[in-house]
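Q: A single structure is presented below for examination.
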Amino acid sequence: MSKTKDVFLYNDYLNFLKNKRSIRIYNNKKVSQDDILKIINAGIQAPSPTNTQGWKFKIIDDQNEIYDLTLIIKNEIDEYLIKLDDGFLKQSFKEYSKNFTFLKNSPCVILLYSIKPRKILRNFFKSKLNFYKGEGSLLSLGMVMQNMMLSAYTLGISSCPLTGPLIAEKKITTKYPPPKKYELSGLITFGFTNNFPINPGRKPMEKFII
Ligand SMILES: Cc1cc2nc3c(=O)[nH]c(=O)nc-3n(C[C@H](O)[C@H](O)[C@H](O)COP(=O)(O)O)c2cc1C
């Protein structure tokens, strides 16, 4: 491949990455089963430590189920809010937690589970490394998630990754139990939108290179 072609590909890809936003407002168009499977198929092409592929997915695309899931999260937030005194912290959390419940308007939510650290690696890394870092399963689930969201974008499907709802992990996993040795690690909403938010931007690259 010629150098010019490489540059062209890079610039196109960079623009693609820059244009993709996290979307929290969806219209009522459904995401087809075929598209969901395409998105998951792209997700599972991600790398993982020693190719463990320690990930599982629960697809929730029934509107009533999504509503019930939102209610579980909303109840947990309310329980937490009751314990806080009126004031800045309570108000800030109330505002912030709206980003945990917008999923009620999305036509498809995927729960993502990652494999828990294995005993053999715990012994291997001992206290030299933080265990989770050594295992790398959360890192690779992040790669799966990015693959899923970018491939969805190529299909015209918007998405948003979420970890906020994990505040209600216990109650969510009572309803949607993880497979043995797995834990709930994130969610992604998928859907179509007419509402494209402005790019919140990124800091200049120089800030990150140390
Ligand atoms: C690991 C992770 C967890 C996130 N959790 C939430 C969340 O709980 N709720 C939410 O609305 N957005 C969540 N986001 C989306 C971020 O808010 C969003 O990526 C960020 O504001 C930048 O906006 P952009 O994706 O449109 O560039 C999460 C993103 C990541 C990577």
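Residues in the structure tokens are numbered from 1 in each chain, the chains being A, B, ... in the order shown, and ligands are numbered from 1 in the order shown.
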Write out as a list in words each polymer residue whose atoms come within 12 Å of A:Asn27, counting only C-alpha atoms; drop sequence neighbours fewer than 3 positions from it.

A: Ile23, Arg24, Lys30, Val31, Lys104, Asn105, Ser106, Pro107, Cys108, Ile157, Ser158, Phe190, Gly191, Phe192, Thr193, Asn194, Asn195 and Phe196 of chain A

Q: Please, which residues have at least one atom within 7 Å of an atom of ligand 1, using only C-alpha atoms and all ligand atoms, listed as a ChimeraX atom specification?

A: /A:20-24,99-100,160-165,199-201

Q: Which residues are near A:Lys171? Cut-off 10 Å, only C-alpha atoms, ignore same chain within fewer than 5 positions. Put them as a short mmCIF file (atom, residue, chain, number, x, y, z; two decimals) with N, CA and C atoms, in the first residue's frame.

A:
```
data_model
loop_
_atom_site.label_atom_id
_atom_site.label_comp_id
_atom_site.auth_asym_id
_atom_site.auth_seq_id
_atom_site.Cartn_x
_atom_site.Cartn_y
_atom_site.Cartn_z
N LEU A 69 -35.59 -2.49 33.82
CA LEU A 69 -34.16 -2.33 34.14
C LEU A 69 -33.90 -0.89 34.60
N ILE A 72 -35.04 -0.40 38.14
CA ILE A 72 -34.09 -0.96 39.11
C ILE A 72 -33.01 0.08 39.42
N ILE A 73 -32.50 0.70 38.35
CA ILE A 73 -31.41 1.68 38.52
C ILE A 73 -31.93 2.94 39.23
N ASN A 75 -34.49 3.22 41.24
CA ASN A 75 -34.77 2.95 42.66
C ASN A 75 -33.48 3.00 43.49
N GLU A 76 -32.42 2.44 42.93
CA GLU A 76 -31.13 2.44 43.64
C GLU A 76 -30.64 3.88 43.84
N LEU A 166 -23.96 0.57 37.19
CA LEU A 166 -23.38 -0.47 38.05
C LEU A 166 -23.58 -0.15 39.53
N TYR A 176 -30.57 -10.41 36.05
CA TYR A 176 -29.79 -10.92 34.92
C TYR A 176 -28.47 -11.50 35.44
N PRO A 177 -28.52 -12.70 36.03
CA PRO A 177 -27.31 -13.25 36.67
C PRO A 177 -26.19 -13.48 35.67
#
```

Q: Which of these residues is nearest to A:Pro197, using only C-alpha atoms: A:Tyr182, A:Tyr26, A:Trp55, A:Tyr113?

A: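 Of A:Tyr182, A:Tyr26, A:Trp55, A:Tyr113, the one nearest A:Pro197 is A:Tyr26, counting only C-alpha atoms.
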